[in-house]
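File shown: final-v8.cif. Contents: mmCIF, C-alpha atoms and all ligand atoms.
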```
data_structure
#
loop_
_atom_site.label_atom_id
_atom_site.label_comp_id
_atom_site.auth_asym_id
_atom_site.auth_seq_id
_atom_site.Cartn_x
_atom_site.Cartn_y
_atom_site.Cartn_z
CA MET N 1 -17.56 -10.16 22.80
CA ALA N 2 -19.40 -6.85 23.06
CA ASP N 3 -17.45 -5.34 20.19
CA VAL N 4 -18.44 -8.12 17.83
CA ALA N 5 -22.10 -7.54 18.62
CA ALA N 6 -21.51 -3.85 17.95
CA VAL N 7 -20.38 -4.47 14.39
CA ARG N 8 -23.15 -6.87 13.49
CA GLY N 9 -25.08 -4.01 11.95
CA THR N 10 -22.36 -3.47 9.35
CA GLY N 11 -23.03 -6.84 7.71
CA LEU N 12 -19.49 -8.08 8.32
CA ASP N 13 -19.13 -11.08 10.59
CA VAL N 14 -16.01 -9.84 12.35
CA SER N 15 -15.71 -12.79 14.72
CA ARG N 16 -15.58 -15.10 11.68
CA VAL N 17 -13.06 -12.86 9.98
CA ARG N 18 -10.92 -12.78 13.14
CA ALA N 19 -10.89 -16.56 13.28
CA ASP N 20 -9.08 -16.51 9.92
CA PHE N 21 -6.15 -14.61 11.46
CA PRO N 22 -4.55 -16.85 14.12
CA PRO N 23 -2.30 -14.17 15.75
CA LEU N 24 -5.46 -12.34 16.87
CA ALA N 25 -6.25 -15.23 19.19
CA GLU N 26 -2.76 -15.20 20.68
CA GLU N 27 -1.57 -13.74 23.94
CA VAL N 28 1.68 -11.84 23.48
CA ARG N 29 2.41 -12.52 27.15
CA PRO N 30 0.38 -14.60 29.59
CA GLY N 31 -2.93 -12.85 30.04
CA VAL N 32 -2.15 -10.12 27.48
CA PRO N 33 -3.98 -10.57 24.16
CA LEU N 34 -2.60 -9.04 20.98
CA ARG N 35 -4.17 -5.82 19.72
CA TYR N 36 -2.74 -5.39 16.24
CA PHE N 37 -2.83 -1.81 14.96
CA ASP N 38 0.09 -2.04 12.57
CA SER N 39 -1.63 -3.22 9.40
CA ALA N 40 -0.37 -0.20 7.43
CA ALA N 41 3.15 -1.61 7.94
CA THR N 42 2.05 -5.11 7.06
CA ALA N 43 -1.31 -6.79 7.33
CA LEU N 44 -1.85 -10.12 9.08
CA LYS N 45 -2.31 -13.10 6.79
CA PRO N 46 -5.54 -15.12 6.73
CA ALA N 47 -5.34 -18.92 6.95
CA PRO N 48 -6.15 -19.51 3.24
CA VAL N 49 -3.12 -17.44 2.23
CA VAL N 50 -0.84 -19.37 4.57
CA GLU N 51 -2.31 -22.61 3.26
CA ALA N 52 -1.82 -21.66 -0.41
CA VAL N 53 1.85 -20.88 0.23
CA ARG N 54 2.31 -24.05 2.29
CA GLU N 55 0.68 -26.14 -0.37
CA PHE N 56 2.99 -24.79 -3.09
CA LEU N 57 6.11 -25.31 -0.99
CA ALA N 58 5.06 -28.76 0.18
CA ASP N 59 3.31 -30.23 -2.85
CA TYR N 60 4.50 -28.67 -6.12
CA PRO N 61 7.52 -26.44 -5.50
CA ALA N 62 8.64 -26.36 -9.12
CA ASN N 63 9.85 -23.48 -11.25
CA VAL N 64 7.36 -21.83 -13.58
CA HIS N 65 7.25 -21.38 -17.35
CA ARG N 66 10.19 -23.63 -18.18
CA GLY N 67 9.46 -27.20 -17.22
CA LEU N 68 7.21 -29.47 -19.18
CA HIS N 69 6.55 -31.78 -16.27
CA VAL N 70 3.51 -32.08 -14.09
CA LEU N 71 4.79 -30.11 -11.09
CA SER N 72 6.02 -27.24 -13.22
CA GLU N 73 2.74 -27.11 -15.11
CA ARG N 74 0.84 -27.00 -11.85
CA ALA N 75 3.10 -24.23 -10.51
CA THR N 76 2.73 -22.23 -13.74
CA GLU N 77 -1.03 -22.60 -13.64
CA ALA N 78 -1.22 -21.35 -10.06
CA PHE N 79 1.25 -18.53 -10.77
CA GLU N 80 -0.52 -17.31 -13.90
CA GLY N 81 -3.86 -17.87 -12.19
CA ALA N 82 -2.79 -15.33 -9.58
CA ARG N 83 -2.04 -12.84 -12.37
CA LEU N 84 -5.58 -13.30 -13.70
CA LYS N 85 -6.99 -12.68 -10.21
CA VAL N 86 -4.98 -9.49 -9.78
CA ALA N 87 -5.99 -8.27 -13.24
CA ALA N 88 -9.66 -8.88 -12.52
CA HIS N 89 -9.36 -7.16 -9.13
CA LEU N 90 -7.96 -4.05 -10.84
CA GLY N 91 -10.61 -4.10 -13.58
CA VAL N 92 -8.06 -5.05 -16.26
CA ASP N 93 -8.98 -7.43 -19.12
CA ASP N 94 -5.43 -8.06 -20.27
CA PRO N 95 -3.36 -9.92 -17.63
CA ALA N 96 -0.13 -9.04 -19.51
CA GLN N 97 -0.53 -5.54 -18.06
CA VAL N 98 0.07 -6.97 -14.58
CA ILE N 99 3.79 -7.17 -13.82
CA PHE N 100 4.91 -8.97 -10.67
CA THR N 101 7.59 -7.11 -8.72
CA ARG N 102 8.99 -7.45 -5.21
CA GLY N 103 6.65 -4.73 -3.94
CA THR N 104 5.42 -1.19 -4.42
CA THR N 105 8.94 0.17 -4.08
CA GLU N 106 10.29 -1.95 -6.91
CA ALA N 107 7.23 -1.22 -9.07
CA ILE N 108 7.66 2.56 -8.77
CA ASN N 109 11.40 2.28 -9.35
CA LEU N 110 10.66 0.31 -12.51
CA VAL N 111 8.40 3.07 -13.85
CA ALA N 112 10.73 5.89 -12.82
CA ARG N 113 13.72 4.27 -14.51
CA SER N 114 12.16 2.73 -17.55
CA TRP N 115 9.41 5.20 -18.42
CA GLY N 116 11.49 8.09 -17.04
CA ARG N 117 14.50 7.35 -19.28
CA MET N 118 12.19 7.10 -22.27
CA ALA N 119 9.98 10.12 -21.63
CA LEU N 120 11.75 12.77 -19.53
CA LYS N 121 13.85 15.62 -20.93
CA PRO N 122 15.68 18.40 -19.10
CA GLY N 123 13.17 20.83 -17.60
CA ASP N 124 10.26 18.37 -17.65
CA ALA N 125 8.40 18.14 -14.35
CA ILE N 126 7.21 15.34 -12.09
CA VAL N 127 4.46 16.31 -9.65
CA LEU N 128 4.49 14.82 -6.16
CA SER N 129 3.10 15.79 -2.76
CA GLU N 130 4.63 15.81 0.70
CA LEU N 131 2.14 13.07 1.59
CA GLU N 132 4.20 10.54 -0.30
CA HIS N 133 6.07 7.59 1.14
CA HIS N 134 9.79 7.63 0.28
CA ALA N 135 9.04 4.88 -2.25
CA ASN N 136 7.16 7.47 -4.31
CA ILE N 137 9.73 10.24 -3.88
CA VAL N 138 13.26 8.84 -4.04
CA PRO N 139 12.93 6.96 -7.39
CA TRP N 140 11.70 10.24 -8.94
CA GLN N 141 14.59 12.18 -7.40
CA MET N 142 16.97 9.63 -8.92
CA ILE N 143 15.49 9.82 -12.42
CA ALA N 144 15.23 13.61 -12.21
CA ALA N 145 18.96 13.78 -11.45
CA GLU N 146 19.67 11.48 -14.38
CA THR N 147 17.47 13.21 -16.97
CA GLY N 148 17.51 16.86 -15.88
CA ALA N 149 13.81 16.75 -14.98
CA VAL N 150 12.57 18.62 -11.90
CA LEU N 151 10.23 17.73 -9.05
CA ARG N 152 7.27 19.94 -8.20
CA TYR N 153 5.25 19.58 -5.01
CA VAL N 154 1.56 20.35 -4.78
CA ASP N 155 0.58 22.56 -1.81
CA LEU N 156 -1.21 20.84 1.03
CA THR N 157 -3.91 22.52 3.11
CA ASP N 158 -3.59 22.89 6.91
CA ASP N 159 -5.42 19.55 7.16
CA LEU N 160 -2.72 17.98 4.95
CA GLU N 161 -5.09 17.56 2.04
CA TYR N 162 -4.40 18.34 -1.64
CA ASP N 163 -4.87 21.98 -2.61
CA LEU N 164 -6.31 21.44 -6.09
CA ASP N 165 -5.86 25.10 -7.13
CA SER N 166 -2.16 24.85 -6.45
CA PHE N 167 -2.17 21.52 -8.30
CA ASP N 168 -3.63 23.22 -11.41
CA ARG N 169 -1.04 25.99 -11.30
CA LEU N 170 1.80 23.45 -11.51
CA PHE N 171 0.75 22.76 -15.12
CA ASP N 172 0.85 26.38 -16.32
CA ASP N 173 4.09 26.05 -18.30
CA GLY N 174 3.08 22.76 -19.93
CA ARG N 175 6.14 20.89 -18.59
CA VAL N 176 4.46 18.32 -16.31
CA ARG N 177 4.93 14.80 -17.69
CA MET N 178 4.04 12.70 -14.64
CA VAL N 179 1.81 13.02 -11.58
CA ALA N 180 2.67 10.35 -9.02
CA THR N 181 0.30 10.33 -6.07
CA THR N 182 -0.52 8.13 -3.16
CA GLY N 183 -4.01 6.68 -2.98
CA MET N 184 -3.88 6.99 0.81
CA SER N 185 -1.29 8.60 3.09
CA ASN N 186 0.41 6.00 5.25
CA VAL N 187 0.75 8.61 8.04
CA THR N 188 -2.59 10.41 8.19
CA GLY N 189 -4.86 8.13 6.17
CA VAL N 190 -5.77 11.08 3.91
CA ARG N 191 -7.11 9.93 0.56
CA PRO N 192 -6.16 12.44 -2.12
CA PRO N 193 -8.99 12.87 -4.67
CA VAL N 194 -7.38 10.51 -7.16
CA GLU N 195 -10.28 10.60 -9.62
CA GLU N 196 -10.03 14.37 -9.88
CA ILE N 197 -6.23 14.36 -9.88
CA ALA N 198 -6.18 11.80 -12.70
CA ARG N 199 -8.81 13.72 -14.68
CA ARG N 200 -6.97 17.03 -14.41
CA ALA N 201 -3.53 15.53 -15.08
CA ARG N 202 -4.71 13.62 -18.13
CA GLY N 203 -6.43 16.77 -19.42
CA ARG N 204 -3.00 18.43 -19.38
CA GLY N 205 -1.28 15.52 -21.12
CA ALA N 206 0.53 14.17 -18.05
CA ARG N 207 0.88 10.52 -17.10
CA VAL N 208 -0.56 9.39 -13.77
CA LEU N 209 0.80 6.82 -11.32
CA ILE N 210 -1.16 5.82 -8.23
CA ASP N 211 0.72 4.37 -5.28
CA ALA N 212 -2.02 2.09 -3.99
CA ALA N 213 0.14 0.48 -1.27
CA GLN N 214 -2.21 1.67 1.48
CA SER N 215 -5.48 2.20 -0.31
CA LEU N 216 -5.92 -1.22 -1.88
CA ALA N 217 -6.38 -2.95 1.50
CA HIS N 218 -9.42 -0.75 2.11
CA GLU N 219 -11.03 0.01 -1.24
CA GLY N 220 -11.12 -1.18 -4.81
CA LEU N 221 -9.03 0.35 -7.56
CA ASP N 222 -10.43 0.29 -11.07
CA VAL N 223 -7.43 1.42 -13.09
CA VAL N 224 -9.33 1.41 -16.37
CA GLU N 225 -12.20 3.52 -15.08
CA LEU N 226 -9.70 5.96 -13.55
CA GLY N 227 -7.82 6.06 -16.85
CA ILE N 228 -4.48 6.03 -15.04
CA ASP N 229 -1.23 4.96 -16.64
CA PHE N 230 0.41 3.08 -13.79
CA ALA N 231 -0.54 1.68 -10.38
CA ALA N 232 1.61 -0.06 -7.81
CA PHE N 233 0.87 -2.07 -4.69
CA SER N 234 2.45 -4.61 -2.32
CA GLY N 235 1.11 -8.06 -1.55
CA HIS N 236 1.90 -7.89 2.14
CA LYS N 237 -0.38 -4.92 2.79
CA VAL N 238 -3.37 -6.66 1.20
CA PHE N 239 -3.13 -9.74 3.46
CA GLY N 240 -0.67 -11.53 1.17
CA PRO N 241 2.99 -12.48 1.63
CA THR N 242 5.96 -10.14 1.68
CA GLY N 243 8.33 -10.19 -1.30
CA VAL N 244 5.69 -9.68 -3.98
CA GLY N 245 4.02 -6.64 -5.47
CA VAL N 246 2.39 -5.49 -8.64
CA LEU N 247 2.90 -2.90 -11.29
CA TYR N 248 -0.07 -2.24 -13.54
CA GLY N 249 0.70 -0.28 -16.71
CA LYS N 250 -1.09 0.71 -19.88
CA ARG N 251 -0.12 -1.70 -22.64
CA GLU N 252 1.22 0.88 -25.09
CA LEU N 253 3.50 2.31 -22.41
CA LEU N 254 4.75 -1.05 -21.18
CA GLU N 255 5.43 -2.08 -24.75
CA ALA N 256 7.44 1.05 -25.46
CA MET N 257 9.41 0.85 -22.21
CA GLU N 258 12.77 -0.89 -21.90
CA PRO N 259 13.27 -3.56 -19.24
CA VAL N 260 15.31 -2.59 -16.20
CA LEU N 261 16.57 -6.05 -15.26
CA GLY N 262 18.11 -8.43 -17.75
CA GLY N 263 18.39 -12.21 -17.47
CA GLY N 264 16.35 -15.34 -17.98
CA ASN N 265 12.66 -15.30 -18.89
CA MET N 266 12.66 -11.70 -20.13
CA VAL N 267 14.21 -12.63 -23.48
CA LEU N 268 12.99 -14.43 -26.60
CA ARG N 269 16.46 -14.88 -28.09
CA VAL N 270 19.96 -14.20 -26.92
CA GLU N 271 22.99 -13.89 -29.19
CA ARG N 272 26.57 -13.12 -28.21
CA ASP N 273 26.12 -9.35 -28.43
CA ARG N 274 22.41 -8.72 -28.26
CA ALA N 275 19.10 -10.05 -27.08
CA VAL N 276 15.47 -9.74 -28.12
CA TRP N 277 13.03 -8.95 -25.35
CA ASN N 278 10.16 -11.24 -24.53
CA GLU N 279 6.49 -10.22 -24.73
CA LEU N 280 4.66 -8.64 -21.82
CA PRO N 281 4.61 -9.34 -18.95
CA ASP N 282 7.79 -11.47 -19.09
CA LYS N 283 9.87 -8.58 -20.47
CA PHE N 284 9.79 -7.05 -16.99
CA GLU N 285 10.08 -10.28 -15.01
CA ALA N 286 13.73 -11.35 -15.26
CA GLY N 287 14.83 -14.44 -13.38
CA THR N 288 12.88 -16.87 -11.25
CA PRO N 289 9.93 -14.94 -9.83
CA PRO N 290 8.68 -15.12 -6.23
CA ILE N 291 6.40 -18.05 -7.03
CA ALA N 292 5.17 -18.94 -3.54
CA GLU N 293 4.53 -15.26 -2.84
CA VAL N 294 2.60 -14.70 -6.06
CA ILE N 295 0.43 -17.73 -5.34
CA GLY N 296 -0.13 -16.39 -1.82
CA LEU N 297 -1.10 -13.02 -3.27
CA GLY N 298 -3.63 -14.76 -5.50
CA ALA N 299 -5.13 -16.37 -2.38
CA ALA N 300 -5.21 -12.96 -0.66
CA ILE N 301 -7.14 -11.45 -3.58
CA ASP N 302 -9.57 -14.39 -3.38
CA TYR N 303 -9.94 -13.70 0.34
CA ILE N 304 -10.71 -10.01 -0.16
CA GLU N 305 -13.18 -10.81 -2.91
CA SER N 306 -14.93 -13.40 -0.76
CA LEU N 307 -16.02 -10.60 1.59
CA ASP N 308 -18.75 -8.06 1.03
CA ALA N 309 -16.73 -4.97 0.05
CA GLU N 310 -19.43 -2.57 1.18
CA ALA N 311 -19.74 -4.27 4.55
CA VAL N 312 -15.96 -4.09 5.01
CA ALA N 313 -16.01 -0.40 4.10
CA ARG N 314 -18.85 0.28 6.58
CA HIS N 315 -17.00 -1.61 9.30
CA GLU N 316 -13.75 0.28 8.69
CA ARG N 317 -15.62 3.60 8.59
CA GLY N 318 -17.08 2.71 11.98
CA LEU N 319 -13.57 1.96 13.27
CA ILE N 320 -12.05 5.24 12.15
CA GLU N 321 -14.98 7.27 13.47
CA HIS N 322 -14.74 5.47 16.79
CA ALA N 323 -10.97 5.97 16.88
CA HIS N 324 -11.25 9.71 16.31
CA ALA N 325 -13.88 9.99 19.04
CA THR N 326 -12.24 7.84 21.71
CA LEU N 327 -8.56 8.55 21.09
CA GLY N 328 -9.32 12.24 20.60
CA ALA N 329 -10.70 12.33 24.15
CA VAL N 330 -7.37 11.19 25.64
CA GLU N 331 -5.54 14.05 27.33
CA GLY N 332 -2.56 15.24 25.26
CA PHE N 333 -3.57 13.27 22.14
CA ARG N 334 -2.83 15.23 18.97
CA LEU N 335 -4.17 13.94 15.68
CA LEU N 336 -2.15 14.49 12.52
CA GLY N 337 -4.26 15.46 9.54
CA PRO N 338 -7.98 16.11 9.26
CA SER N 339 -10.35 15.51 12.16
CA ASP N 340 -13.13 14.88 9.65
CA THR N 341 -13.05 11.17 8.82
CA ALA N 342 -14.85 11.58 5.48
CA GLY N 343 -11.75 11.90 3.31
CA LYS N 344 -9.51 9.40 5.02
CA GLY N 345 -8.89 5.72 5.51
CA PRO N 346 -8.54 3.80 8.80
CA ILE N 347 -5.16 5.22 9.82
CA VAL N 348 -4.55 7.48 12.82
CA GLY N 349 -1.26 9.37 12.91
CA PHE N 350 -0.76 11.11 16.23
CA THR N 351 1.50 12.34 18.99
CA LEU N 352 0.91 12.22 22.74
CA ASP N 353 2.17 15.26 24.62
CA GLY N 354 5.19 14.54 26.79
CA THR N 355 6.06 11.17 25.21
CA HIS N 356 8.37 10.31 22.38
CA PRO N 357 6.54 8.10 19.86
CA HIS N 358 9.18 5.37 20.27
CA ASP N 359 8.72 5.30 24.06
CA LEU N 360 4.99 5.27 23.54
CA SER N 361 5.25 2.30 21.21
CA HIS N 362 7.35 0.39 23.80
CA LEU N 363 4.91 1.22 26.59
CA LEU N 364 1.91 0.17 24.52
CA ASP N 365 3.64 -3.10 23.71
CA ARG N 366 3.43 -3.93 27.43
CA HIS N 367 -0.34 -3.78 26.99
CA GLY N 368 -0.08 -6.14 23.99
CA ILE N 369 -0.80 -3.22 21.67
CA ALA N 370 1.16 -3.06 18.42
CA ILE N 371 1.42 0.39 16.85
CA ARG N 372 4.21 1.94 14.78
CA ALA N 373 6.45 4.87 15.68
CA GLY N 374 8.95 6.84 13.62
CA HIS N 375 8.86 8.85 10.43
CA HIS N 376 7.03 6.05 8.60
CA CYS N 377 9.26 6.62 5.53
CA ALA N 378 7.55 9.99 5.11
CA MET N 379 10.25 12.43 6.18
CA PRO N 380 9.07 15.37 4.03
CA LEU N 381 5.66 15.17 5.70
CA HIS N 382 7.22 15.13 9.17
CA THR N 383 9.50 18.03 8.22
CA ARG N 384 6.42 19.98 7.20
CA LEU N 385 4.75 19.09 10.52
CA GLY N 386 7.90 20.17 12.37
CA ILE N 387 8.23 16.85 14.20
CA PRO N 388 10.87 14.14 13.77
CA ALA N 389 8.51 11.26 14.41
CA SER N 390 4.93 10.31 15.12
CA ALA N 391 2.91 7.35 16.34
CA ARG N 392 0.51 5.51 14.07
CA ALA N 393 -2.38 3.19 14.78
CA SER N 394 -3.70 1.59 11.62
CA PHE N 395 -6.78 -0.58 11.40
CA ALA N 396 -7.95 -3.37 9.13
CA LEU N 397 -11.11 -5.36 8.63
CA TYR N 398 -10.26 -7.64 11.59
CA ASN N 399 -10.06 -4.85 14.19
CA THR N 400 -12.91 -3.94 16.51
CA LYS N 401 -14.12 -0.88 18.40
CA ASP N 402 -13.51 -2.76 21.61
CA GLU N 403 -9.82 -3.05 20.73
CA ILE N 404 -9.69 0.68 20.03
CA ASP N 405 -11.18 1.31 23.48
CA ARG N 406 -8.28 -0.73 24.95
CA LEU N 407 -5.85 1.52 23.04
CA ALA N 408 -7.53 4.65 24.42
CA GLU N 409 -7.39 3.22 27.96
CA ALA N 410 -3.72 2.30 27.56
CA LEU N 411 -2.86 5.78 26.28
CA GLY N 412 -4.71 7.28 29.25
CA SER N 413 -2.87 5.10 31.74
CA ILE N 414 0.51 5.86 30.12
CA LYS N 415 -0.28 9.57 30.39
CA THR N 416 -1.17 9.17 34.08
CA MET N 417 1.98 7.13 34.76
CA LEU N 418 4.19 9.74 33.11
CA ARG N 419 2.53 12.57 35.05
CA ARG N 420 3.34 10.81 38.34
CA ARG N 421 7.06 10.59 37.47
C1 LIG I 501 2.01 4.60 0.73
C2 LIG I 501 3.12 3.62 0.62
N1 LIG I 501 3.81 3.53 -0.51
C3 LIG I 501 4.81 2.65 -0.67
C4 LIG I 501 5.18 1.82 0.34
C5 LIG I 501 6.31 0.85 0.12
O1 LIG I 501 5.84 -0.44 0.14
P1 LIG I 501 6.88 -1.67 0.11
O2 LIG I 501 7.85 -1.41 1.22
O3 LIG I 501 6.02 -2.86 0.35
O4 LIG I 501 7.53 -1.66 -1.23
C6 LIG I 501 4.50 1.87 1.56
C7 LIG I 501 4.91 1.01 2.69
O5 LIG I 501 4.66 1.30 3.83
C8 LIG I 501 3.45 2.80 1.71
O6 LIG I 501 2.77 2.90 2.85
#
```
Could I get this structure in the form of structure tokens?
Amino acid sequence: MADVAAVRGTGLDVSRVRADFPPLAEEVRPGVPLRYFDSAATALKPAPVVEAVREFLADYPANVHRGLHVLSERATEAFEGARLKVAAHLGVDDPAQVIFTRGTTEAINLVARSWGRMALKPGDAIVLSELEHHANIVPWQMIAAETGAVLRYVDLTDDLEYDLDSFDRLFDDGRVRMVATTGMSNVTGVRPPVEEIARRARGRGARVLIDAAQSLAHEGLDVVELGIDFAAFSGHKVFGPTGVGVLYGKRELLEAMEPVLGGGNMVLRVERDRAVWNELPDKFEAGTPPIAEVIGLGAAIDYIESLDAEAVARHERGLIEHAHATLGAVEGFRLLGPSDTAGKGPIVGFTLDGTHPHDLSHLLDRHGIAIRAGHHCAMPLHTRLGIPASARASFALYNTKDEIDRLAEALGSIKTMLRRR
């Protein structure tokens, strides 16, 4: 494959990587291979992840923490082993600061409700941006309504990047308690300057939450080095299973926070009228956890760490640069967000003149090309852009420039077909 030769210089053996993801070798219809550009919605799963989940379900499908028998011990070891892997991946020494949730959405809801009820008073402010996914907007709206806090939005530049001067001005009255920012926009791929945001917010006494749902599939996140208070991500976007995610929190905050869900596992003692909460992380993990999914997430972290992170980053940089160049040359193609690839991840949000994004997605599917169309759970961003929907092609380490060329060709032929109508 020409495209595989083309990426050899990046140090990532893409043909080997692709062999780990069986759907990439499939034809969606006879003679039509799959081109998967929907990794921002959910990433494909490498064989070792599938195998880890299969092995748990087939060989030791016991509940964790409670049983004193061999299968339960094995399940607990694998489950807690995954927590250690996640902690190490985030640069955290203390695995109790890693809380398993159902995903990013649940993790942010947990912080908004638990930390929000503890810390927010009427008139306090939560800073967001219009880049956010609904998962990092709606929970804050809910807790603001409950506590009397208000939401403040940072201004975005014409390129949909953070305006840091406007960000600073939001702190003038000393009421900002939380800055909750995405690590990477799921629509434009823009990477807000999280280091700078965290530094400025902490300097003004505000807490910082990073929604790493998109960014963690493409770059590391050292929560300790960043000095952030909370981070959230989903297993399924980092090549793991659906149904599992992670909340990282600073120990002193997690200890002070009340649990949101009550039930088994999260208690040390239960009396008729009261209960005593368990230690971290169990306090926030009520009920039987998603054991297979957590073990699968552990395998996904192993997979990511088995690759050369710099080589992956170089490969993905090559993909996004190639995508901007080739897709940008298609007649009627309009990129959302900055044309400069320096401050963004491998996500291309766009419209094609004369086609509704949903129609475009259907037409591309005939070419075996999977993209996403809609508002991508980012309605405020689309409102700002003045469009109800957009198309999105998102890339991962298993994509190639050759595949992107097929996307550009398909867009060109769709444009020609529509012109003839
Ligand atoms: C930036 C961002 N945040 C949060 C989410 C929500 O993730 P989940 O649905 O896995 O909870 C997504 C999902 O697309 C996302 O892209």
Exercise. Would you list the contacts of range 87-99 of chain N as a PyMOL selection string, taking every protein, DNA or RNA residue within 7 Å and counting only C-alpha atoms, but skipping same-chain residues closer than 2 positions in sequence?
Key: chain N and resi 83-85+101+221-224+246-251+280-281+284
Quiz item: Which protein, DNA or RNA residues have an atom within 9 Å of ligand LIG 501 (chain I), counting only C-alpha atoms and all ligand atoms, as number ranges by chain?
Solution: N: 40-42, 102-108, 131-136, 182-187, 211-215, 232-237, 242-245, 376-378
Self-check item: Option closest in space to Arg117 in chain N, from N:Glu258, N:Asp20, N:Glu409, N:Asp359 [counting all atoms listed in the file]
Solution: N:Glu258
Quiz item: CA of Arg200 in chain N to CA of Gly148 in chain N: how many Å, to one decimal?
Solution: 24.5 Å
Quiz item: So which residues touch Ile291 in chain N within 10 Å, counting only C-alpha atoms, skipping near sequence neighbours fewer than 6 positions away, as a PyMOL selection string?
Solution: chain N and resi 53+56-57+61-64+75-76+78-80+82+100+243-244+297
Practice problem: Grab the CA of Val190 in chain N to CA of His315 in chain N distance for me, in Å with one decimal place. | Solution: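 Computing it gives 17.8 Å between the two atoms.
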Quiz item: For the atom pair CA of Arg204 in chain N and CA of Gly220 in chain N, what is the interatomic distance in Å to one decimal place?
Solution: 25.7 Å
Quiz prompt | Leu307 in chain N surroundings by all atoms listed in the file, 12 Å radius, close-in-sequence under 2 positions cut, as number ranges by chain | solution = N: 11-14, 16-17, 218, 300-305, 309-313, 315, 397-398
Which polymer residues have any atom within 7 Å of an atom of Met257 in chain N, counting only C-alpha atoms, with same-chain residues fewer than 3 positions away left out, as a PDB file with C-alpha atoms, in the frame of the given file?
```pdb
ATOM      1  CA  SER N 114      12.160   2.730 -17.550  1.00  0.00           C
ATOM      2  CA  TRP N 115       9.410   5.200 -18.420  1.00  0.00           C
ATOM      3  CA  MET N 118      12.190   7.100 -22.270  1.00  0.00           C
ATOM      4  CA  LEU N 253       3.500   2.310 -22.410  1.00  0.00           C
ATOM      5  CA  LEU N 254       4.750  -1.050 -21.180  1.00  0.00           C
TER       6      LEU N 254
END
```
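In this comparison, which uses only C-alpha atoms, the residue of N:Lys121, N:His69, N:His367, N:Arg35 approaching Ala393 in chain N most closely is N:Arg35.
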Exercise. With a distance cut-off of 12 Å and only C-alpha atoms, select the neighbouring residues of Leu327 in chain N, excluding the residue or stretch itself and same-chain residues fewer than 3 positions from it, and output the selection as number ranges by chain.
Key: N: 319-324, 330-335, 339, 348-352, 392-393, 401, 403-412
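The smallest atom-to-atom distance between Thr147 in chain N and any of N:His65, N:Arg113, N:Arg317, N:Arg74, using all atoms listed in the file, is found for N:Arg113.
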Quiz item: Given the choices N:Ile295, N:Glu225, N:Ser72, N:Glu316, which gets closest to Thr400 in chain N if the distance is worked out from all atoms listed in the file?
Solution: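 The answer is N:Glu316, which sits nearest to Thr400 in chain N.
Minimum atom-to-atom distance to Glu293 in chain N, evaluated using only C-alpha atoms, belongs to N:Glu55 out of N:Arg18, N:Glu55, N:Leu261, N:Gly343.
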Would you please take range 390-401 of chain N of the structure in the block above and write N, CA and C atoms to a file as an mmCIF file, in the first residue's frame?
```cif
data_model
loop_
_atom_site.group_PDB
_atom_site.id
_atom_site.type_symbol
_atom_site.label_atom_id
_atom_site.label_comp_id
_atom_site.auth_asym_id
_atom_site.auth_seq_id
_atom_site.Cartn_x
_atom_site.Cartn_y
_atom_site.Cartn_z
ATOM 1 N N SER N 390 -23.084 20.066 11.025
ATOM 2 C CA SER N 390 -21.857 20.038 10.224
ATOM 3 C C SER N 390 -21.454 18.579 10.014
ATOM 4 N N ALA N 391 -20.478 18.401 9.142
ATOM 5 C CA ALA N 391 -19.917 17.061 8.927
ATOM 6 C C ALA N 391 -18.575 17.003 9.653
ATOM 7 N N ARG N 392 -18.192 15.800 10.053
ATOM 8 C CA ARG N 392 -16.921 15.682 10.781
ATOM 9 C C ARG N 392 -16.195 14.411 10.355
ATOM 10 N N ALA N 393 -14.955 14.599 9.938
ATOM 11 C CA ALA N 393 -14.075 13.447 9.689
ATOM 12 C C ALA N 393 -13.017 13.474 10.780
ATOM 13 N N SER N 394 -12.928 12.393 11.539
ATOM 14 C CA SER N 394 -11.947 12.368 12.629
ATOM 15 C C SER N 394 -11.022 11.177 12.415
ATOM 16 N N PHE N 395 -9.761 11.411 12.693
ATOM 17 C CA PHE N 395 -8.732 10.419 12.379
ATOM 18 C C PHE N 395 -8.094 9.863 13.649
ATOM 19 N N ALA N 396 -7.561 8.668 13.508
ATOM 20 C CA ALA N 396 -6.844 8.041 14.629
ATOM 21 C C ALA N 396 -5.569 7.427 14.085
ATOM 22 N N LEU N 397 -4.820 6.810 14.983
ATOM 23 C CA LEU N 397 -3.495 6.312 14.608
ATOM 24 C C LEU N 397 -3.534 5.274 13.494
ATOM 25 N N TYR N 398 -4.720 4.647 13.268
ATOM 26 C CA TYR N 398 -4.794 3.609 12.225
ATOM 27 C C TYR N 398 -5.178 4.154 10.858
ATOM 28 N N ASN N 399 -5.442 5.447 10.741
ATOM 29 C CA ASN N 399 -5.805 6.001 9.429
ATOM 30 C C ASN N 399 -4.546 6.324 8.613
ATOM 31 N N THR N 400 -4.766 6.463 7.305
ATOM 32 C CA THR N 400 -3.638 6.746 6.415
ATOM 33 C C THR N 400 -3.983 7.907 5.478
ATOM 34 N N LYS N 401 -2.939 8.485 4.895
ATOM 35 C CA LYS N 401 -3.146 9.584 3.940
ATOM 36 C C LYS N 401 -3.901 9.082 2.717
#
```
